[in-house]
file data-v5.txt (compact mmCIF, C-alpha atoms)
# COMPACT_ATOMS: atom_id res chain seq x y z
CA MET A 3 0.00 0.00 0.00
CA THR A 4 1.53 3.27 -1.05
CA ASP A 5 -0.95 5.44 0.82
CA GLY A 6 -0.73 3.42 4.02
CA TRP A 7 0.46 6.42 6.02
CA ASN A 8 -1.94 8.93 4.53
CA GLY A 9 -4.28 10.37 7.08
CA THR A 10 -2.34 8.89 10.00
CA ASP A 11 -2.11 11.34 12.81
CA LEU A 12 -0.55 11.25 16.22
CA TRP A 13 -3.81 12.01 18.02
CA THR A 14 -5.45 8.90 16.56
CA LEU A 15 -2.42 6.77 17.40
CA ALA A 16 -2.45 8.08 20.97
CA VAL A 17 -6.15 7.21 21.27
CA ILE A 18 -5.42 3.71 19.96
CA VAL A 19 -2.68 3.25 22.57
CA GLY A 20 -5.18 4.51 25.16
CA LEU A 21 -7.73 1.91 24.02
CA ALA A 22 -5.07 -0.79 24.42
CA ALA A 23 -4.53 0.47 27.98
CA VAL A 24 -8.30 0.25 28.53
CA THR A 25 -8.16 -3.41 27.40
CA VAL A 26 -5.43 -4.09 29.97
CA VAL A 27 -7.17 -2.20 32.78
CA THR A 28 -10.53 -3.95 32.29
CA ARG A 29 -9.19 -7.48 31.65
CA CYS A 30 -6.74 -7.19 34.56
CA PHE A 31 -8.87 -5.09 36.90
CA PHE A 32 -8.51 -7.44 39.88
CA PHE A 33 -4.96 -8.58 39.05
CA PHE A 34 -3.10 -5.38 39.88
CA SER A 35 -3.08 -5.75 43.65
CA SER A 36 -1.90 -9.09 45.01
CA ALA A 37 -3.13 -8.28 48.52
CA GLU A 38 -4.63 -11.29 50.25
CA TRP A 39 -8.41 -11.22 50.19
CA HIS A 40 -11.10 -13.71 49.45
CA LEU A 41 -14.47 -13.30 47.89
CA PRO A 42 -17.45 -14.04 50.11
CA LEU A 43 -18.81 -17.48 49.40
CA TRP A 44 -22.02 -16.21 47.83
CA ALA A 45 -20.04 -14.20 45.28
CA GLN A 46 -17.88 -17.22 44.43
CA ARG A 47 -21.05 -19.20 43.84
CA GLY A 48 -22.52 -16.39 41.78
CA LEU A 49 -19.50 -16.23 39.49
CA GLN A 50 -20.14 -19.74 38.21
CA TYR A 51 -23.19 -18.31 36.45
CA ALA A 52 -21.27 -15.43 34.88
CA PRO A 53 -19.71 -17.15 31.82
CA ILE A 54 -22.97 -18.42 30.34
CA ALA A 55 -24.72 -15.14 31.23
CA ALA A 56 -22.02 -13.07 29.49
CA LEU A 57 -22.14 -15.20 26.33
CA SER A 58 -25.92 -15.20 26.23
CA ALA A 59 -26.04 -11.41 26.73
CA VAL A 60 -23.67 -10.93 23.77
CA VAL A 61 -25.20 -13.55 21.46
CA ILE A 62 -29.00 -13.34 21.85
CA PRO A 63 -29.37 -9.66 20.82
CA GLU A 64 -27.22 -10.37 17.74
CA ILE A 65 -29.77 -12.98 16.67
CA VAL A 66 -33.10 -11.32 17.50
CA MET A 67 -32.45 -7.56 17.29
CA GLN A 68 -32.38 -5.40 14.19
CA GLN A 69 -31.43 -1.74 14.42
CA GLY A 70 -32.28 -1.54 18.08
CA GLU A 71 -35.67 -3.26 17.77
CA LEU A 72 -36.79 -6.82 18.39
CA ILE A 73 -37.33 -8.30 14.93
CA SER A 74 -40.95 -8.67 13.94
CA SER A 75 -40.47 -10.78 10.82
CA LEU A 76 -39.64 -14.47 10.62
CA GLN A 77 -37.92 -13.81 7.31
CA ASP A 78 -34.57 -13.41 8.97
CA ALA A 79 -31.69 -15.70 8.03
CA ARG A 80 -30.14 -15.40 11.50
CA LEU A 81 -33.06 -17.20 13.19
CA TYR A 82 -32.79 -20.30 11.02
CA ALA A 83 -28.98 -20.32 11.04
CA ALA A 84 -28.97 -20.07 14.86
CA ALA A 85 -31.62 -22.80 15.21
CA VAL A 86 -29.65 -25.12 12.92
CA GLY A 87 -26.38 -24.18 14.63
CA ALA A 88 -27.75 -25.00 18.09
CA ALA A 89 -29.26 -28.28 16.84
CA VAL A 90 -25.95 -29.23 15.22
CA TYR A 91 -24.13 -28.46 18.46
CA PHE A 92 -26.38 -30.69 20.57
CA TRP A 93 -26.20 -33.43 17.94
CA ARG A 94 -22.46 -33.42 17.22
CA ARG A 95 -21.00 -31.51 20.24
CA ASP A 96 -18.66 -29.65 17.90
CA VAL A 97 -18.39 -25.87 17.57
CA LEU A 98 -16.67 -25.99 14.19
CA GLN A 99 -19.58 -27.94 12.66
CA THR A 100 -21.96 -25.49 14.35
CA ILE A 101 -20.24 -22.61 12.56
CA VAL A 102 -19.94 -24.33 9.17
CA LEU A 103 -23.48 -25.73 9.00
CA GLY A 104 -24.99 -22.56 10.50
CA MET A 105 -23.29 -20.49 7.80
CA ALA A 106 -24.44 -23.03 5.19
CA VAL A 107 -28.00 -22.06 6.18
CA TYR A 108 -27.29 -18.37 6.70
CA LEU A 109 -25.49 -17.46 3.48
CA PRO A 110 -28.04 -18.84 0.94
CA LEU A 111 -30.98 -17.30 2.85
CA HIS A 112 -29.18 -13.99 3.37
CA LEU A 113 -27.55 -13.60 -0.04
CA GLY A 114 -30.05 -15.57 -2.15
CA TRP A 115 -33.37 -14.43 -0.63
CA GLY A 116 -32.15 -11.25 0.97
CA TRP A 117 -33.43 -12.33 4.41
CA MET B 2 1.74 -16.49 27.64
CA PHE B 3 2.70 -18.48 24.61
CA PHE B 4 6.38 -17.40 24.49
CA LEU B 5 7.40 -18.83 27.88
CA PRO B 6 9.11 -22.25 27.50
CA SER B 7 7.79 -23.44 30.88
CA LEU B 8 4.30 -22.95 29.48
CA TYR B 9 4.54 -23.95 25.82
CA ARG B 10 6.44 -27.14 26.68
CA HIS B 11 3.72 -28.17 29.12
CA PRO B 12 1.23 -30.76 27.80
CA GLU B 13 -1.69 -28.59 28.96
CA PHE B 14 -0.54 -25.86 26.53
CA ALA B 15 -1.35 -28.10 23.57
CA LYS B 16 -4.61 -29.13 25.21
CA GLY B 17 -5.60 -25.46 25.59
CA ALA B 18 -4.80 -24.77 21.94
CA ARG B 19 -6.69 -27.90 20.83
CA ASP B 20 -9.75 -26.83 22.80
CA LEU B 21 -9.68 -23.41 21.15
CA ALA B 22 -9.11 -24.75 17.61
CA PRO B 23 -12.78 -25.48 16.71
CA GLN B 24 -13.60 -21.90 17.67
CA ALA B 25 -10.74 -20.39 15.65
CA LEU B 26 -12.80 -20.17 12.46
CA GLY B 27 -15.49 -18.11 14.17
CA ILE B 28 -12.93 -15.85 15.83
CA ALA B 29 -11.21 -15.43 12.46
CA ALA B 30 -14.47 -14.51 10.71
CA TRP B 31 -15.04 -11.87 13.34
CA GLY B 32 -11.48 -10.55 13.12
CA LEU B 33 -11.76 -10.45 9.34
CA MET B 34 -14.92 -8.34 9.43
CA THR B 35 -13.48 -6.06 12.12
CA GLY B 36 -10.47 -5.50 9.84
CA VAL B 37 -12.80 -4.69 6.94
CA ALA B 38 -14.87 -2.32 9.11
CA MET B 39 -11.75 -0.46 10.26
CA VAL B 40 -10.57 0.21 6.70
CA LYS B 41 -14.06 1.13 5.45
CA SER B 42 -14.39 3.66 8.25
CA GLY B 43 -11.63 5.73 6.68
CA MET B 44 -8.85 5.15 9.19
CA SER B 45 -5.43 4.95 7.57
CA MET B 46 -3.91 1.55 6.87
CA PHE B 47 -1.25 2.13 9.49
CA GLU B 48 -3.81 3.09 12.15
CA CYS B 49 -5.85 -0.03 11.36
CA ILE B 50 -2.79 -2.25 11.73
CA VAL B 51 -1.72 -0.64 15.02
CA MET B 52 -5.26 -0.95 16.36
CA SER B 53 -5.46 -4.65 15.44
CA LEU B 54 -2.11 -5.43 17.01
CA LEU B 55 -2.60 -3.46 20.24
CA VAL B 56 -6.24 -3.15 21.24
CA PHE B 57 -7.28 -6.82 20.85
CA ALA B 58 -10.92 -6.24 21.81
CA GLY B 59 -13.36 -6.39 18.91
CA SER B 60 -16.40 -4.79 20.51
CA SER B 61 -14.43 -1.85 21.90
CA GLN B 62 -12.70 -1.34 18.52
CA LEU B 63 -16.04 -1.29 16.69
CA ALA B 64 -17.50 1.14 19.23
CA ALA B 65 -14.46 3.44 19.09
CA ILE B 66 -14.00 3.66 15.31
CA PRO B 67 -16.96 5.95 14.50
CA LEU B 68 -16.00 8.21 17.42
CA ILE B 69 -12.40 8.45 16.22
CA ILE B 70 -13.58 9.32 12.70
CA ALA B 71 -15.98 11.93 14.10
CA GLY B 72 -13.15 13.49 16.07
CA ALA B 73 -14.80 12.95 19.46
CA PRO B 74 -12.78 14.00 22.54
CA ALA B 75 -10.27 11.35 23.60
CA TRP B 76 -11.85 10.87 27.02
CA VAL B 77 -15.22 10.11 25.40
CA ILE B 78 -13.62 7.44 23.21
CA LEU B 79 -11.72 5.87 26.11
CA ALA B 80 -14.78 5.96 28.39
CA THR B 81 -16.79 4.26 25.64
CA GLY B 82 -14.15 1.53 25.32
CA LEU B 83 -14.16 1.13 29.09
CA CYS B 84 -17.94 0.67 29.30
CA VAL B 85 -18.05 -1.75 26.38
CA ASN B 86 -15.32 -3.77 28.12
CA LEU B 87 -16.90 -3.85 31.59
CA ARG B 88 -17.75 -7.54 31.35
CA PHE B 89 -13.99 -8.21 31.42
CA VAL B 90 -13.86 -6.77 34.95
CA VAL B 91 -16.19 -9.58 36.02
CA PHE B 92 -13.97 -12.10 34.20
CA SER B 93 -10.88 -10.78 36.05
CA LEU B 94 -12.63 -11.21 39.39
CA HIS B 95 -13.37 -14.83 38.47
CA LEU B 96 -9.84 -15.55 37.21
CA ARG B 97 -8.03 -13.77 40.07
CA PRO B 98 -7.49 -16.81 42.35
CA TYR B 99 -6.10 -18.85 39.44
CA LEU B 100 -3.40 -16.30 38.57
CA ILE B 101 -2.72 -14.15 41.62
CA HIS B 102 0.30 -16.22 42.76
CA LEU B 103 2.17 -15.15 39.59
CA PRO B 104 4.44 -12.10 39.22
CA LEU B 105 2.60 -8.93 38.17
CA TRP B 106 3.79 -8.85 34.54
CA ARG B 107 2.63 -12.43 34.03
CA ARG B 108 -0.77 -11.71 35.56
CA LEU B 109 -1.17 -8.70 33.28
CA GLY B 110 0.01 -10.63 30.22
CA HIS B 111 -2.53 -13.39 30.81
CA GLY B 112 -5.29 -10.92 31.57
CA TYR B 113 -4.63 -8.89 28.43
CA LEU B 114 -4.75 -11.99 26.24
CA THR B 115 -7.84 -13.55 27.81
CA ALA B 116 -10.93 -12.50 25.89
CA ASP B 117 -14.44 -14.00 26.04
CA VAL B 118 -13.78 -17.37 24.42
CA SER B 119 -10.66 -18.21 26.45
CA TYR B 120 -12.32 -17.10 29.69
CA VAL B 121 -15.28 -19.38 29.05
CA LEU B 122 -13.21 -22.39 27.95
CA PHE B 123 -10.79 -21.98 30.87
CA THR B 124 -13.45 -21.74 33.58
CA LYS B 125 -15.30 -24.64 31.95
CA ARG B 126 -12.22 -26.87 32.14
CA PHE B 127 -11.13 -25.77 35.62
CA ASN B 128 -13.95 -25.01 38.03
CA GLN B 129 -11.55 -25.11 41.00
CA VAL B 130 -8.19 -23.46 41.56
CA ALA B 131 -5.47 -26.15 41.67
CA PRO B 132 -4.15 -26.65 45.22
CA THR B 133 -0.57 -27.53 44.22
CA ARG B 134 2.15 -25.64 42.40
CA GLN B 135 2.25 -28.13 39.52
CA GLY B 136 -1.51 -27.93 39.21
CA LYS B 137 -1.40 -24.14 39.01
CA LEU B 138 1.31 -24.31 36.36
CA ALA B 139 -0.83 -26.73 34.36
CA GLN B 140 -3.78 -24.33 34.54
CA GLU B 141 -1.59 -21.42 33.49
CA ALA B 142 -0.20 -23.43 30.56
CA TYR B 143 -3.72 -24.35 29.43
CA LEU B 144 -4.73 -20.69 29.50
CA ALA B 145 -1.60 -19.68 27.58
CA GLY B 146 -2.18 -22.25 24.82
CA ASN B 147 -5.82 -21.32 24.60
CA ASP B 148 -5.48 -17.54 24.50
CA GLY B 149 -2.29 -17.72 22.40
CA LEU B 150 -4.19 -19.40 19.56
CA ASN B 151 -7.12 -17.02 20.08
CA TRP B 152 -4.76 -14.04 19.73
CA LEU B 153 -3.09 -15.53 16.67
CA SER B 154 -6.35 -16.19 14.83
CA TRP B 155 -7.74 -12.76 15.76
CA VAL B 156 -4.67 -10.76 14.72
CA THR B 157 -3.97 -12.73 11.53
CA SER B 158 -7.55 -12.52 10.34
CA SER B 159 -7.78 -8.80 11.19
CA LEU B 160 -4.68 -8.16 9.08
CA VAL B 161 -6.17 -10.22 6.23
CA GLY B 162 -9.39 -8.20 6.55
CA ILE B 163 -7.44 -4.93 6.41
CA THR B 164 -5.62 -6.10 3.28
CA LEU B 165 -8.68 -7.45 1.47
CA ALA B 166 -11.14 -4.85 2.75
CA ASN B 167 -12.37 -3.80 -0.66
CA GLY B 168 -13.01 -7.38 -1.81
CA ILE B 169 -15.28 -8.38 1.08
CA PRO B 170 -18.58 -6.46 1.27
CA PRO B 171 -19.84 -6.27 4.88
CA ALA B 172 -23.35 -6.96 3.50
CA TRP B 173 -22.38 -10.61 2.98
CA GLY B 174 -22.63 -10.98 6.74
CA LEU B 175 -19.57 -13.22 7.19
CA GLY B 176 -19.25 -11.84 10.72
CA PHE B 177 -22.28 -13.94 11.67
CA ALA B 178 -19.85 -16.88 11.85
CA GLY B 179 -18.48 -15.24 15.00
CA ILE B 180 -21.96 -15.25 16.55
CA LEU B 181 -22.44 -18.91 15.61
CA CYS B 182 -19.11 -19.64 17.30
CA LEU B 183 -20.27 -18.00 20.55
CA LEU B 184 -23.64 -19.76 20.20
CA GLY B 185 -21.88 -23.13 20.02
CA ILE B 186 -19.90 -22.33 23.17
CA LEU B 187 -23.10 -21.12 24.82
CA CYS B 188 -24.76 -24.48 24.10
CA SER B 189 -21.71 -26.29 25.47
CA LEU B 190 -22.15 -24.47 28.80
CA ALA B 191 -25.84 -25.33 29.11
CA SER B 192 -25.07 -28.36 31.26
CA SER B 193 -27.31 -27.80 34.29
CA ARG B 194 -30.76 -26.35 34.87
CA MET B 195 -29.36 -23.44 36.88
CA ARG B 196 -26.90 -22.55 34.14
CA ILE B 197 -29.63 -22.72 31.52
CA LEU B 198 -31.68 -20.39 33.73
CA SER B 199 -28.72 -18.01 33.89
CA GLY B 200 -28.41 -18.01 30.09
CA VAL B 201 -32.13 -17.49 29.50
CA VAL B 202 -32.37 -14.65 32.02
CA ALA B 203 -29.25 -12.93 30.67
CA GLY B 204 -30.42 -13.24 27.05
CA ALA B 205 -33.85 -11.80 27.89
CA ALA B 206 -32.35 -9.02 30.04
CA ALA B 207 -29.85 -8.09 27.33
CA VAL B 208 -32.70 -7.73 24.83
CA ALA B 209 -34.91 -5.81 27.29
CA ALA B 210 -32.09 -3.43 28.24
CA TYR B 211 -30.82 -3.07 24.67
CA ALA B 212 -31.64 0.63 24.58
CA LEU B 213 -28.94 1.36 27.18
CA PRO B 214 -25.94 3.09 25.63
CA LEU B 215 -22.41 1.66 25.41
CA LYS B 216 -23.48 -1.99 25.49
CA LEU B 217 -24.23 -1.60 29.18
CA ASN B 218 -27.08 -4.05 28.57
CA ILE B 219 -24.46 -6.83 28.72
CA LEU B 220 -23.35 -5.89 32.22
CA VAL B 221 -26.96 -5.44 33.39
CA ALA B 222 -27.80 -8.87 31.96
CA ILE B 223 -24.89 -10.58 33.73
CA ALA B 224 -25.83 -8.95 37.05
CA ALA B 225 -29.51 -9.85 36.66
CA ALA B 226 -28.77 -13.48 35.78
CA VAL B 227 -26.24 -14.02 38.59
CA MET B 228 -28.48 -12.42 41.22
CA LEU B 229 -31.55 -14.34 40.13
CA CYS B 230 -29.67 -17.64 40.14
CA LEU B 231 -28.30 -16.95 43.64
CA THR B 232 -31.81 -16.13 44.85
CA VAL B 233 -33.21 -19.33 43.36
CA GLU B 234 -30.37 -21.32 44.99
CA ARG B 235 -31.16 -19.76 48.36
CA VAL B 236 -34.90 -20.35 48.11
CA ARG B 237 -34.35 -23.99 47.11
CA GLY B 238 -31.78 -24.42 49.88
CA GLU B 239 -34.15 -23.18 52.58
CA ARG B 240 -36.99 -25.40 51.55
call {"tool": "encode", "arguments": {"input": "data-v5.txt", "output": "structure tokens"}}
result
Amino acid sequence: MTDGWNGTDLWTLAVIVGLAAVTVVTRCFFFFSSAEWHLPLWAQRGLQYAPIAALSAVVIPEIVMQQGELISSLQDARLYAAAVGAAVYFWRRDVLQTIVLGMAVYLPLHLGWGW
Amino acid sequence: MFFLPSLYRHPEFAKGARDLAPQALGIAAWGLMTGVAMVKSGMSMFECIVMSLLVFAGSSQLAAIPLIIAGAPAWVILATGLCVNLRFVVFSLHLRPYLIHLPLWRRLGHGYLTADVSYVLFTKRFNQVAPTRQGKLAQEAYLAGNDGLNWLSWVTSSLVGITLANGIPPAWGLGFAGILCLLGILCSLASSRMRILSGVVAGAAAVAAYALPLKLNILVAIAAAVMLCLTVERVRGER
């Protein structure tokens, strides 16, 4: 790329470095201090429910929301791809097949029918 | 971290990488589309590359790009990235006992590299902190293999996306492969009724609170699901 540097400015680069620092601060928030403390038992129990909750909170809106609204039409490729993907997962227990077969449903519906 | 011999020579390192491998395609599809989105936004090639190599957080990158282009104040952009990343603070609380015995730079290195998929796979494999030193090393090696491959597939695919940006229209929706990847992992976690309850509550809460700015609906959903599950546990325990 000959124009790779065009438009690069120091302010943007500084912001990007700042965003990297934000990644470190959030992902390491409780790692900075090594002081001895233990979570109360109820919080330790509660954290076991956090991974599935976090994934679900990220994934479900990406399947059923469109431009900030709950979708009202069933003509949406994501619904069928997600249904097939979940069925494939429970049948084969394999995430790669979930992705491949889900996309095999998604792409024809999305690109072919415009769903 | 993948460059430490004591970790990459450990058998658990390979196990961690193997467990991540089926997910790598989904992560790569997501990285690819993030790379495309960065270039299409009008950032320079160099800025896109630096962002891919340093920031390593797709949702915060996608939230920050339009603000950078619009020339928003730096503190607004950083505060946005912070809010979008708040779920990682919960992850760090969960991972703390597994890593806190390590020197600071190693804790920070592991934390930086551990994004959603590695966090979920790690806590799925190890629901208890190992009591012995060897056990802790094995857990650390697993994490390093897992997040090392995650990092590699994310960064490589982002760079490919940056290079091929004009040949891959975002309208194709290839990024949906990333959602299918997370959906597969979500299904793999649905192993008890309480966990399924957590997932259902969080999904519904994330949709209901979708109007909140800065993806705060994700944090609200996690809090709602965890609190409801704890309440249900307590009620059932007292019966």
call {"tool": "interface_residues", "arguments": {"input": "data-v5.txt", "of": "chain B", "to": "chain A", "cutoff": "7 Å", "atoms": "only C-alpha atoms", "output": "compact mmCIF listing (two decimals) with C-alpha atoms, in the coordinates of the input"}}
result
# COMPACT_ATOMS: atom_id res chain seq x y z
CA PRO B 23 -12.78 -25.48 16.71
CA GLN B 24 -13.60 -21.90 17.67
CA GLY B 27 -15.49 -18.11 14.17
CA SER B 45 -5.43 4.95 7.57
CA MET B 46 -3.91 1.55 6.87
CA PHE B 47 -1.25 2.13 9.49
CA GLU B 48 -3.81 3.09 12.15
CA MET B 52 -5.26 -0.95 16.36
CA LEU B 55 -2.60 -3.46 20.24
CA VAL B 56 -6.24 -3.15 21.24
CA ALA B 58 -10.92 -6.24 21.81
CA ILE B 69 -12.40 8.45 16.22
CA ALA B 75 -10.27 11.35 23.60
CA LEU B 79 -11.72 5.87 26.11
CA GLY B 82 -14.15 1.53 25.32
CA LEU B 83 -14.16 1.13 29.09
CA ASN B 86 -15.32 -3.77 28.12
CA LEU B 87 -16.90 -3.85 31.59
CA PHE B 89 -13.99 -8.21 31.42
CA VAL B 90 -13.86 -6.77 34.95
CA SER B 93 -10.88 -10.78 36.05
CA LEU B 94 -12.63 -11.21 39.39
CA HIS B 95 -13.37 -14.83 38.47
CA ARG B 97 -8.03 -13.77 40.07
CA ILE B 101 -2.72 -14.15 41.62
CA LEU B 105 2.60 -8.93 38.17
CA ARG B 108 -0.77 -11.71 35.56
CA LEU B 109 -1.17 -8.70 33.28
CA GLY B 112 -5.29 -10.92 31.57
CA TYR B 113 -4.63 -8.89 28.43
CA VAL B 121 -15.28 -19.38 29.05
CA TRP B 173 -22.38 -10.61 2.98
CA ALA B 178 -19.85 -16.88 11.85
CA ILE B 180 -21.96 -15.25 16.55
CA LEU B 181 -22.44 -18.91 15.61
CA CYS B 182 -19.11 -19.64 17.30
CA LEU B 183 -20.27 -18.00 20.55
CA LEU B 184 -23.64 -19.76 20.20
CA GLY B 185 -21.88 -23.13 20.02
CA ILE B 186 -19.90 -22.33 23.17
CA LEU B 187 -23.10 -21.12 24.82
CA CYS B 188 -24.76 -24.48 24.10
CA LEU B 190 -22.15 -24.47 28.80
CA ARG B 196 -26.90 -22.55 34.14
CA SER B 199 -28.72 -18.01 33.89
CA GLY B 200 -28.41 -18.01 30.09
CA ALA B 203 -29.25 -12.93 30.67
CA GLY B 204 -30.42 -13.24 27.05
CA ALA B 207 -29.85 -8.09 27.33
CA VAL B 208 -32.70 -7.73 24.83
CA TYR B 211 -30.82 -3.07 24.67
CA ALA B 212 -31.64 0.63 24.58
CA ILE B 219 -24.46 -6.83 28.72
CA ALA B 222 -27.80 -8.87 31.96
CA ILE B 223 -24.89 -10.58 33.73
CA ALA B 226 -28.77 -13.48 35.78
CA VAL B 227 -26.24 -14.02 38.59
CA LEU B 231 -28.30 -16.95 43.64
call {"tool": "closest_residue", "arguments": {"input": "data-v5.txt", "among": "B:Ala64, B:Thr133, B:Ile197, B:Phe177", "to": "Val107 in chain A", "atoms": "all atoms listed in the file"}}
result
B:Phe177
call {"tool": "residues_around", "arguments": {"input": "data-v5.txt", "residues": "Leu138 in chain B", "least_positions_apart": "6", "cutoff": "9 Å", "atoms": "all atoms listed in the file", "output": "ChimeraX atom specification"}}
result
/B:7-8,11,131
call {"tool": "atom_distance", "arguments": {"input": "data-v5.txt", "atom1": "CA of Asn151 in chain B", "atom2": "CA of Met44 in chain B"}}
result
24.8 Å
call {"tool": "residues_around", "arguments": {"input": "data-v5.txt", "residues": "Ile169 in chain B", "least_positions_apart": "4", "cutoff": "10 Å", "atoms": "all atoms listed in the file", "output": "CSV table (one decimal) with C-alpha atoms, in the frame of the given file"}}
result
chain,number,residue,atom,x,y,z
B,33,LEU,CA,-11.8,-10.4,9.3
B,34,MET,CA,-14.9,-8.3,9.4
B,37,VAL,CA,-12.8,-4.7,6.9
B,162,GLY,CA,-9.4,-8.2,6.6
B,165,LEU,CA,-8.7,-7.4,1.5
B,173,TRP,CA,-22.4,-10.6,3.0
B,174,GLY,CA,-22.6,-11.0,6.7
B,175,LEU,CA,-19.6,-13.2,7.2
call {"tool": "atom_distance", "arguments": {"input": "data-v5.txt", "atom1": "CA of Ala191 in chain B", "atom2": "CA of Gln129 in chain B"}}
result
18.6 Å
call {"tool": "atom_distance", "arguments": {"input": "data-v5.txt", "atom1": "CA of His102 in chain B", "atom2": "CA of Leu21 in chain B"}}
result
24.9 Å
call {"tool": "residues_around", "arguments": {"input": "data-v5.txt", "residues": "range 143-147 of chain B", "least_positions_apart": "2", "cutoff": "8 Å", "atoms": "all atoms listed in the file", "output": "MDAnalysis selection string"}}
result
chainID B and resid 2:3 8:9 13:21 111 115 119 123 139:141 149:151
call {"tool": "write_last_selection", "arguments": {"input": "data-v5.txt", "atoms": "C-alpha atoms", "output": "PDB file, in the coordinates of the input"}}
result
ATOM      1  CA  MET B   2       1.740 -16.490  27.640  1.00  0.00           C
ATOM      2  CA  PHE B   3       2.700 -18.480  24.610  1.00  0.00           C
ATOM      3  CA  LEU B   8       4.300 -22.950  29.480  1.00  0.00           C
ATOM      4  CA  TYR B   9       4.540 -23.950  25.820  1.00  0.00           C
ATOM      5  CA  GLU B  13      -1.690 -28.590  28.960  1.00  0.00           C
ATOM      6  CA  PHE B  14      -0.540 -25.860  26.530  1.00  0.00           C
ATOM      7  CA  ALA B  15      -1.350 -28.100  23.570  1.00  0.00           C
ATOM      8  CA  LYS B  16      -4.610 -29.130  25.210  1.00  0.00           C
ATOM      9  CA  GLY B  17      -5.600 -25.460  25.590  1.00  0.00           C
ATOM     10  CA  ALA B  18      -4.800 -24.770  21.940  1.00  0.00           C
ATOM     11  CA  ARG B  19      -6.690 -27.900  20.830  1.00  0.00           C
ATOM     12  CA  ASP B  20      -9.750 -26.830  22.800  1.00  0.00           C
ATOM     13  CA  LEU B  21      -9.680 -23.410  21.150  1.00  0.00           C
ATOM     14  CA  HIS B 111      -2.530 -13.390  30.810  1.00  0.00           C
ATOM     15  CA  THR B 115      -7.840 -13.550  27.810  1.00  0.00           C
ATOM     16  CA  SER B 119     -10.660 -18.210  26.450  1.00  0.00           C
ATOM     17  CA  PHE B 123     -10.790 -21.980  30.870  1.00  0.00           C
ATOM     18  CA  ALA B 139      -0.830 -26.730  34.360  1.00  0.00           C
ATOM     19  CA  GLN B 140      -3.780 -24.330  34.540  1.00  0.00           C
ATOM     20  CA  GLU B 141      -1.590 -21.420  33.490  1.00  0.00           C
ATOM     21  CA  GLY B 149      -2.290 -17.720  22.400  1.00  0.00           C
ATOM     22  CA  LEU B 150      -4.190 -19.400  19.560  1.00  0.00           C
ATOM     23  CA  ASN B 151      -7.120 -17.020  20.080  1.00  0.00           C
TER      24      ASN B 151
END
call {"tool": "residues_around", "arguments": {"input": "data-v5.txt", "residues": "Ser158 in chain B", "least_positions_apart": "2", "cutoff": "7 Å", "atoms": "only C-alpha atoms", "output": "ChimeraX atom specification"}}
result
/B:29,32-33,154-156,160-162
